[in-house]
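Undergrad: Sending over structure_24.cif (mmCIF, C-alpha atoms and all ligand atoms).
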data_coords
#
loop_
_atom_site.label_atom_id
_atom_site.label_comp_id
_atom_site.auth_asym_id
_atom_site.auth_seq_id
_atom_site.Cartn_x
_atom_site.Cartn_y
_atom_site.Cartn_z
CA LYS A 1 61.70 -28.35 -20.79
CA LEU A 2 58.09 -28.88 -21.74
CA SER A 3 55.78 -29.92 -18.89
CA SER A 4 54.62 -33.52 -19.04
CA ARG A 5 51.04 -32.21 -19.31
CA LEU A 6 51.92 -30.47 -22.59
CA GLN A 7 54.03 -33.43 -23.71
CA ASN A 8 51.07 -35.73 -23.24
CA ILE A 9 48.86 -33.34 -25.19
CA ALA A 10 51.47 -33.33 -27.97
CA GLN A 11 51.46 -37.12 -28.02
CA TYR A 12 47.80 -37.17 -28.94
CA VAL A 13 48.45 -34.96 -31.99
CA THR A 14 48.67 -37.02 -35.16
CA GLU A 15 52.01 -36.85 -36.95
CA GLY A 16 51.98 -34.45 -39.87
CA SER A 17 48.93 -32.45 -38.87
CA ARG A 18 48.64 -28.71 -39.04
CA VAL A 19 47.67 -27.59 -35.58
CA ALA A 20 45.66 -24.69 -34.23
CA ASP A 21 46.34 -24.18 -30.53
CA ILE A 22 43.61 -22.00 -29.05
CA GLY A 23 44.42 -20.07 -25.87
CA SER A 24 48.07 -20.74 -26.57
CA ASP A 25 49.56 -18.33 -24.02
CA HIS A 26 53.34 -18.67 -24.55
CA ALA A 27 52.84 -20.88 -27.63
CA LEU A 28 54.90 -23.60 -25.95
CA LEU A 29 52.85 -26.40 -27.48
CA PRO A 30 52.95 -25.24 -31.13
CA VAL A 31 56.67 -24.44 -30.82
CA TYR A 32 57.30 -27.95 -29.50
CA LEU A 33 55.16 -29.59 -32.19
CA VAL A 34 56.85 -27.75 -35.05
CA GLN A 35 60.33 -27.97 -33.58
CA SER A 36 60.05 -31.72 -33.08
CA GLY A 37 58.87 -32.14 -36.68
CA LYS A 38 55.51 -33.54 -35.69
CA SER A 39 53.64 -30.62 -37.23
CA PRO A 40 54.69 -28.85 -40.42
CA SER A 41 53.04 -25.62 -39.30
CA ALA A 42 50.81 -24.21 -36.62
CA ILE A 43 48.54 -21.37 -35.66
CA ALA A 44 48.59 -20.05 -32.11
CA GLY A 45 45.37 -18.27 -31.14
CA GLU A 46 45.18 -15.91 -28.18
CA LEU A 47 42.49 -13.59 -26.96
CA ASN A 48 44.58 -11.46 -24.64
CA THR A 49 47.37 -9.10 -25.63
CA GLY A 50 49.85 -10.03 -22.88
CA PRO A 51 49.94 -13.74 -23.73
CA LEU A 52 49.76 -12.88 -27.45
CA LEU A 53 52.98 -10.88 -27.20
CA ALA A 54 54.59 -13.65 -25.15
CA ALA A 55 53.61 -16.11 -27.89
CA ARG A 56 55.09 -13.92 -30.63
CA LYS A 57 58.31 -13.56 -28.65
CA GLN A 58 58.58 -17.29 -28.04
CA VAL A 59 57.96 -18.13 -31.71
CA ALA A 60 60.52 -15.56 -32.88
CA ALA A 61 63.10 -16.78 -30.37
CA ALA A 62 62.65 -20.31 -31.70
CA GLY A 63 63.18 -18.99 -35.23
CA LEU A 64 59.77 -20.34 -36.26
CA SER A 65 57.93 -17.18 -37.35
CA ALA A 66 57.63 -18.58 -40.88
CA LYS A 67 55.88 -21.73 -39.66
CA ILE A 68 53.86 -20.59 -36.67
CA GLU A 69 51.38 -17.78 -37.04
CA VAL A 70 50.27 -16.07 -33.87
CA ARG A 71 46.80 -14.59 -34.23
CA GLN A 72 44.71 -12.55 -31.82
CA GLY A 73 41.05 -13.36 -31.42
CA ASN A 74 38.30 -15.09 -29.51
CA GLY A 75 38.43 -18.89 -29.60
CA LEU A 76 38.18 -20.43 -33.04
CA ALA A 77 37.45 -17.07 -34.70
CA VAL A 78 41.17 -16.88 -35.54
CA LEU A 79 40.81 -19.92 -37.79
CA GLN A 80 39.61 -20.17 -41.38
CA PRO A 81 37.83 -23.41 -42.33
CA GLY A 82 40.33 -25.95 -43.70
CA GLU A 83 43.39 -24.37 -42.15
CA ALA A 84 43.96 -26.91 -39.39
CA ASP A 85 43.81 -30.70 -39.07
CA THR A 86 44.06 -30.67 -35.30
CA VAL A 87 42.68 -28.23 -32.77
CA THR A 88 44.20 -28.23 -29.31
CA ILE A 89 42.70 -26.35 -26.37
CA ALA A 90 44.31 -26.70 -22.97
CA GLY A 91 44.41 -25.11 -19.57
CA MET A 92 40.98 -23.52 -19.37
CA GLY A 93 37.67 -24.47 -17.77
CA GLY A 94 35.36 -26.94 -19.48
CA SER A 95 32.54 -24.43 -19.70
CA LEU A 96 34.62 -21.89 -21.66
CA MET A 97 36.07 -24.70 -23.75
CA LYS A 98 32.61 -25.96 -24.65
CA ASP A 99 31.52 -22.43 -25.60
CA ILE A 100 34.58 -21.99 -27.83
CA LEU A 101 33.93 -25.33 -29.54
CA GLU A 102 30.22 -24.67 -30.04
CA GLU A 103 30.75 -21.17 -31.40
CA GLY A 104 33.43 -22.53 -33.69
CA PHE A 105 31.16 -25.32 -34.84
CA GLN A 106 28.33 -22.87 -35.55
CA ALA A 107 30.68 -20.71 -37.59
CA GLY A 108 31.93 -23.70 -39.61
CA LYS A 109 35.45 -23.46 -38.18
CA LEU A 110 35.62 -27.16 -37.38
CA GLU A 111 35.00 -28.26 -40.95
CA GLY A 112 38.05 -30.21 -42.07
CA VAL A 113 39.33 -30.56 -38.52
CA ARG A 114 40.06 -34.23 -37.92
CA GLU A 115 40.92 -34.33 -34.26
CA LEU A 116 40.56 -32.36 -31.05
CA VAL A 117 42.98 -32.60 -28.15
CA LEU A 118 41.41 -31.03 -25.09
CA GLN A 119 42.59 -30.50 -21.54
CA PRO A 120 39.89 -28.84 -19.47
CA ASN A 121 41.00 -27.79 -15.99
CA ILE A 122 37.55 -28.41 -14.53
CA GLY A 123 34.11 -29.28 -15.89
CA GLU A 124 35.26 -32.21 -18.05
CA GLU A 125 31.68 -33.44 -18.13
CA LEU A 126 30.58 -30.42 -20.18
CA VAL A 127 33.27 -31.10 -22.74
CA ARG A 128 32.43 -34.81 -23.06
CA GLN A 129 28.76 -33.89 -23.37
CA TRP A 130 29.55 -31.48 -26.19
CA LEU A 131 31.62 -34.13 -27.98
CA VAL A 132 28.70 -36.56 -27.83
CA GLN A 133 26.23 -33.92 -28.94
CA ARG A 134 28.30 -32.93 -31.96
CA GLY A 135 29.25 -36.45 -33.00
CA TRP A 136 32.92 -36.49 -32.03
CA HIS A 137 34.23 -39.88 -30.97
CA LEU A 138 36.25 -39.85 -27.79
CA ALA A 139 39.19 -42.07 -28.75
CA GLU A 140 41.44 -41.79 -25.70
CA GLU A 141 41.54 -40.26 -22.26
CA LEU A 142 44.29 -39.76 -19.76
CA ILE A 143 44.37 -38.62 -16.17
CA MET A 144 47.72 -37.50 -14.81
CA GLU A 145 49.30 -35.55 -12.02
CA GLU A 146 52.05 -32.99 -12.23
CA ASP A 147 53.32 -30.66 -9.51
CA GLY A 148 50.44 -31.61 -7.26
CA LYS A 149 47.77 -30.85 -9.87
CA ILE A 150 45.57 -33.40 -11.58
CA TYR A 151 44.77 -33.06 -15.28
CA GLU A 152 42.46 -34.89 -17.66
CA LEU A 153 43.25 -35.06 -21.36
CA LEU A 154 40.70 -35.94 -24.02
CA HIS A 155 41.48 -36.99 -27.58
CA ALA A 156 38.49 -36.91 -29.93
CA VAL A 157 38.31 -37.85 -33.60
CA ARG A 158 35.82 -37.95 -36.41
CA LEU A 159 34.62 -41.38 -37.47
CA SER A 160 33.20 -42.35 -40.83
CA PRO A 161 29.76 -44.03 -40.81
CA ASP A 162 31.51 -47.40 -41.39
CA GLN A 163 33.89 -46.85 -38.51
CA ILE A 164 30.98 -45.89 -36.26
CA LYS A 165 29.36 -49.27 -36.97
CA GLU A 166 32.54 -51.11 -35.99
CA THR A 167 33.32 -49.08 -32.89
CA PRO A 168 31.93 -50.26 -29.55
CA ASP A 169 29.83 -47.70 -27.70
CA ILE A 170 32.16 -46.34 -25.05
CA TYR A 171 29.21 -44.78 -23.24
CA ASP A 172 27.59 -48.16 -22.68
CA ALA A 173 27.52 -48.18 -18.89
CA GLY A 174 26.85 -51.93 -18.58
CA PHE A 175 30.24 -52.60 -16.99
CA LEU A 176 29.50 -50.24 -14.12
CA GLN A 177 28.03 -52.39 -11.38
CA VAL A 178 26.32 -49.60 -9.47
CA ASN A 179 22.81 -49.44 -8.29
CA ALA A 180 21.60 -46.56 -10.47
CA ALA A 181 19.14 -46.00 -13.28
CA ALA A 182 20.56 -45.95 -16.82
CA PRO A 183 20.53 -42.14 -17.24
CA SER A 184 22.41 -41.67 -13.96
CA LYS A 185 25.00 -44.22 -15.04
CA GLN A 186 25.39 -42.41 -18.31
CA ARG A 187 25.99 -39.17 -16.44
CA LEU A 188 28.65 -40.83 -14.32
CA LEU A 189 30.43 -41.90 -17.48
CA LEU A 190 30.38 -38.35 -18.82
CA LYS A 191 31.51 -36.98 -15.50
CA MET A 192 34.26 -39.43 -14.63
CA GLY A 193 35.32 -40.52 -18.11
CA PRO A 194 34.33 -43.72 -19.95
CA TYR A 195 37.93 -44.89 -20.41
CA LEU A 196 39.16 -43.69 -17.04
CA LEU A 197 36.35 -45.62 -15.37
CA ARG A 198 37.22 -48.77 -17.27
CA LYS A 199 40.88 -48.56 -16.29
CA PRO A 200 41.09 -46.43 -13.18
CA ASN A 201 44.61 -45.60 -12.01
CA ALA A 202 45.86 -44.21 -8.72
CA VAL A 203 45.47 -40.60 -9.91
CA PHE A 204 41.83 -41.27 -10.79
CA PHE A 205 41.12 -42.49 -7.25
CA LYS A 206 43.02 -39.55 -5.80
CA LYS A 207 40.98 -37.08 -7.86
CA TRP A 208 37.62 -38.49 -6.89
CA LYS A 209 38.51 -38.86 -3.25
CA SER A 210 39.49 -35.21 -3.18
CA GLU A 211 36.28 -34.26 -5.06
CA LEU A 212 34.33 -36.15 -2.41
CA ALA A 213 36.16 -34.27 0.34
CA LYS A 214 35.30 -30.98 -1.41
CA LEU A 215 31.64 -31.94 -1.66
CA GLU A 216 31.76 -32.93 1.99
CA ARG A 217 32.93 -29.43 2.95
CA VAL A 218 30.33 -27.77 0.74
CA THR A 219 27.50 -29.84 2.18
CA ALA A 220 28.66 -29.16 5.74
CA GLN A 221 28.45 -25.44 5.01
CA LEU A 222 25.12 -25.75 3.25
CA ALA A 223 23.69 -27.64 6.20
CA LEU A 224 24.41 -24.59 8.35
CA ALA A 225 23.07 -22.08 5.85
CA GLU A 226 19.53 -20.95 6.09
CA GLN A 227 19.20 -19.67 2.57
CA PRO A 228 16.21 -20.51 0.45
CA GLY A 229 16.97 -23.49 -1.72
CA ALA A 230 19.80 -24.73 0.51
CA GLU A 231 17.95 -27.92 1.39
CA GLU A 232 17.40 -28.81 -2.25
CA LYS A 233 21.04 -28.18 -3.09
CA LEU A 234 22.08 -30.24 -0.11
CA GLN A 235 20.09 -33.23 -1.31
CA GLN A 236 21.55 -32.81 -4.78
CA PHE A 237 25.12 -32.79 -3.47
CA LYS A 238 24.41 -35.71 -1.20
CA SER A 239 23.11 -37.90 -3.97
CA GLU A 240 26.07 -36.88 -6.10
CA MET A 241 28.41 -37.92 -3.30
CA ASP A 242 26.61 -41.22 -2.86
CA ALA A 243 26.91 -41.97 -6.55
CA ILE A 244 30.64 -41.19 -6.67
CA GLN A 245 31.23 -43.21 -3.52
CA GLU A 246 29.42 -46.18 -4.94
CA VAL A 247 31.42 -46.01 -8.15
CA LEU A 248 34.71 -45.89 -6.26
CA GLN A 249 33.67 -48.81 -4.11
CA CYS A 250 32.63 -50.86 -7.08
CA LEU A 251 35.88 -50.10 -8.91
CA GLN A 252 38.02 -50.85 -5.89
CA THR A 253 36.43 -54.23 -5.23
CA ASP A 254 36.87 -55.00 -8.95
CA LYS A 255 40.62 -54.73 -8.60
N1 LIG A 301 47.15 -23.55 -23.53
C1 LIG A 301 48.22 -23.17 -22.63
C2 LIG A 301 48.55 -24.29 -21.70
O1 LIG A 301 47.74 -25.22 -21.58
O2 LIG A 301 49.59 -24.25 -21.05
C3 LIG A 301 47.86 -21.91 -21.87
C4 LIG A 301 46.75 -22.02 -20.89
S1 LIG A 301 46.36 -20.47 -20.17
C5 LIG A 301 46.01 -20.91 -18.54
C6 LIG A 301 44.81 -20.06 -20.89
C7 LIG A 301 44.97 -19.07 -22.02
O3 LIG A 301 43.75 -18.98 -22.73
C8 LIG A 301 45.32 -17.68 -21.54
O4 LIG A 301 46.51 -17.26 -22.15
C9 LIG A 301 44.12 -16.83 -21.97
O5 LIG A 301 44.50 -15.54 -22.37
C10 LIG A 301 43.57 -17.63 -23.13
N2 LIG A 301 42.13 -17.47 -23.41
C11 LIG A 301 41.13 -17.32 -22.52
N3 LIG A 301 39.95 -17.22 -23.16
C12 LIG A 301 40.22 -17.31 -24.48
C13 LIG A 301 39.42 -17.25 -25.65
N4 LIG A 301 38.09 -17.09 -25.57
N5 LIG A 301 40.03 -17.36 -26.84
C14 LIG A 301 41.37 -17.51 -26.93
N6 LIG A 301 42.17 -17.55 -25.86
C15 LIG A 301 41.61 -17.44 -24.65
#
As structure tokens, what does this structure read like?
Ligand code: SAM
TA:
Amino acid sequence: KLSSRLQNIAQYVTEGSRVADIGSDHALLPVYLVQSGKSPSAIAGELNTGPLLAARKQVAAAGLSAKIEVRQGNGLAVLQPGEADTVTIAGMGGSLMKDILEEGFQAGKLEGVRELVLQPNIGEELVRQWLVQRGWHLAEELIMEEDGKIYELLHAVRLSPDQIKETPDIYDAGFLQVNAAAPSKQRLLLKMGPYLLRKPNAVFFKKWKSELAKLERVTAQLALAEQPGAEEKLQQFKSEMDAIQEVLQCLQTDK
């Protein structure tokens, strides 16, 4: 059975779209999308040979070798412009994900792609920042927990100039009643998620409380360290913690 993380990713994929799943590992997502009839065809991209062979095996076992192509290569290099309507990338760090997207963009691989479904394991802020920078509209976000792990899913689409005019700015931080300058508020939105912040659920609070606890441990260690630059880092972490704490407080009293 497909994990609910992958099921939720699949839900964001628009019916009828040809999908390229980058870093596909066992190709579970493309197999599910094609098997369920949501996608007519798919490309599974993999950099590493082990997972690539696992993907080929999985696709063959499902009898889908005619509809799912498994290709070896780095990021979006496996894709030709116009081949996919949807690109999915899941289960890797936000920094690598951002690099894959930017390299793909530079090489023209995202031309014709209408939506991105992304699930960074960490560093979501970098991914949201890239989306803003390259003019992708974040349409939906989800935070969920499965088997004790917390995941964030991002669904981004292209908007026409007319649609842009009609769409409210999701990065308008006006609703966030925290005592911070506009650029800091903006950063909090990129870090914590503009939709997730507007409708925080229990998993959201759990994530940020655990992030705070992590920062707490890091600062405690830094306070003991006598390395050059430790004091500066300490201040940086402390103000980050203050900001997160304030956001959580403001959201909790809102409820
Ligand atoms: N997408 C699947 C999922 O979410 O369940 C698999 C995630 S798995 C943890 C990450 C996969 O990305 C690995 O199979 C790894 O080999 C692959 N990968 C890492 N860097 C990559 C790159 N630059 N291009 C393509 N695949 C890559």
Undergrad: Which of these, A:Gly50, A:Gly16, A:Pro30, A:Gly135, has the shortest distance to Leu2 (chain A) once you count all atoms listed in the file?
TA: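 Closest residue, counting all atoms listed in the file: A:Pro30.
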Undergrad: Would you pick out the contacts of Leu33 (chain A) at 7 Å or less, using all atoms listed in the file, so that residues sharing its chain but fewer than 5 positions from it are not included, and give the list as a list in words?
TA: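 Counting all atoms listed in the file, the residues come to Ala10, Lys38 and Ser39 of chain A.
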Undergrad: Collect all residues with atoms no farther than 9 Å from ligand LIG 301 (chain A), counting all atoms listed in the file, and output them as a PyMOL selection string.
TA: chain A and resi 3+5-6+9+21-29+45-52+72-78+88-93+96-97+99-100+119-121
Undergrad: Could you list, as a list in words, every residue within 12 Å of Glu246 (chain A), counting only C-alpha atoms and ignoring same-chain residues fewer than 3 positions away?
TA: Leu176, Gln177, Val178, Asn179, Ala180, Lys185, Leu188, Trp208, Lys209, Leu212, Ser239, Glu240, Met241, Asp242, Ala243, Gln249, Cys250, Leu251, Gln252 and Thr253 of chain A
Undergrad: Distance CA of Ser184 (chain A)-CA of Val247 (chain A), one decimal place?
TA: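 Computing it gives 11.6 Å between the two atoms.
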Undergrad: What does the distance between CA of Ile164 (chain A) and CA of His137 (chain A) come to in Å, to one decimal place?
TA: 8.6 Å
Undergrad: Rounded to one decimal, what separation in Å do you get between CA of Leu79 (chain A) and CA of Val59 (chain A)?
TA: 18.3 Å
Undergrad: Compile the contact shell of Trp130 (chain A) as a compact mmCIF listing (two decimals) with C-alpha atoms, in the coordinates of the input: residues with an atom at most 12 Å away, counting only C-alpha atoms, same-chain residues fewer than 6 positions apart removed.
TA:
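The file below, result.txt, is the result:
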# COMPACT_ATOMS: atom_id res chain seq x y z
CA GLY A 94 35.36 -26.94 -19.48
CA SER A 95 32.54 -24.43 -19.70
CA LEU A 96 34.62 -21.89 -21.66
CA MET A 97 36.07 -24.70 -23.75
CA LYS A 98 32.61 -25.96 -24.65
CA ASP A 99 31.52 -22.43 -25.60
CA ILE A 100 34.58 -21.99 -27.83
CA LEU A 101 33.93 -25.33 -29.54
CA GLU A 102 30.22 -24.67 -30.04
CA GLU A 103 30.75 -21.17 -31.40
CA PHE A 105 31.16 -25.32 -34.84
CA LEU A 118 41.41 -31.03 -25.09
CA GLY A 123 34.11 -29.28 -15.89
CA GLU A 124 35.26 -32.21 -18.05
CA TRP A 136 32.92 -36.49 -32.03
CA HIS A 137 34.23 -39.88 -30.97
CA LEU A 138 36.25 -39.85 -27.79
CA ALA A 156 38.49 -36.91 -29.93
CA LEU A 190 30.38 -38.35 -18.82
Undergrad: I need the residue nearest Ala62 (chain A) from this list: A:Leu131, A:Leu215, A:Val34, A:Val157. Use all atoms listed in the file for the distance.
TA: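 When distances to Ala62 (chain A) are compared using all atoms listed in the file, the smallest one comes from A:Val34.
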Undergrad: From the list A:Val127, A:Leu197, A:Ile68, A:Ala139, which residue is nearest Ala20 (chain A) when using all atoms listed in the file?
TA: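 That would be A:Ile68, the residue with the smallest distance to Ala20 (chain A).
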Undergrad: Compare A:Arg128, A:Arg18, A:Lys233, A:Arg198 by their minimum atom-to-atom distance to Val87 (chain A), counting all atoms listed in the file, and give me the closest one.
TA: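 When distances to Val87 (chain A) are compared using all atoms listed in the file, the smallest one comes from A:Arg18.
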Undergrad: So, with all atoms listed in the file as the atoms that count, which of A:Arg158, A:Ala61, A:Ala66, A:Glu146 lies closest to Glu111 (chain A)?
TA: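 Among the listed residues, the smallest separation from Glu111 (chain A) belongs to A:Arg158.
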Undergrad: Excluding Gln80 (chain A) and residues on its chain fewer than 4 positions from it, collect all residues at most 10 Å away from it, counting only C-alpha atoms, and give them as a VMD selection string.
TA: chain A and resid 76 84 107 to 111
Undergrad: Might you pull out every residue within 8 Å of Val13 (chain A), with only C-alpha atoms counted and same-chain residues fewer than 6 positions away left off, and present them as a list in words?
TA: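 Answer for this query is Thr86, Glu115 and Val117 of chain A.
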Undergrad: Given the point (30.5, -32.8, -1.8) in the file's coordinates, find the residues that have an atom at most 10 Å from it, counting all atoms listed in the file, and give them as a VMD selection string.
TA: chain A and resid 210 to 220 234 236 to 242 244
Undergrad: Closest to Ala42 (chain A) among A:Ile143, A:Ala54, A:Leu64, A:Glu69, using all atoms listed in the file?
TA: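 Distance minimum relative to Ala42 (chain A) lands on A:Glu69.
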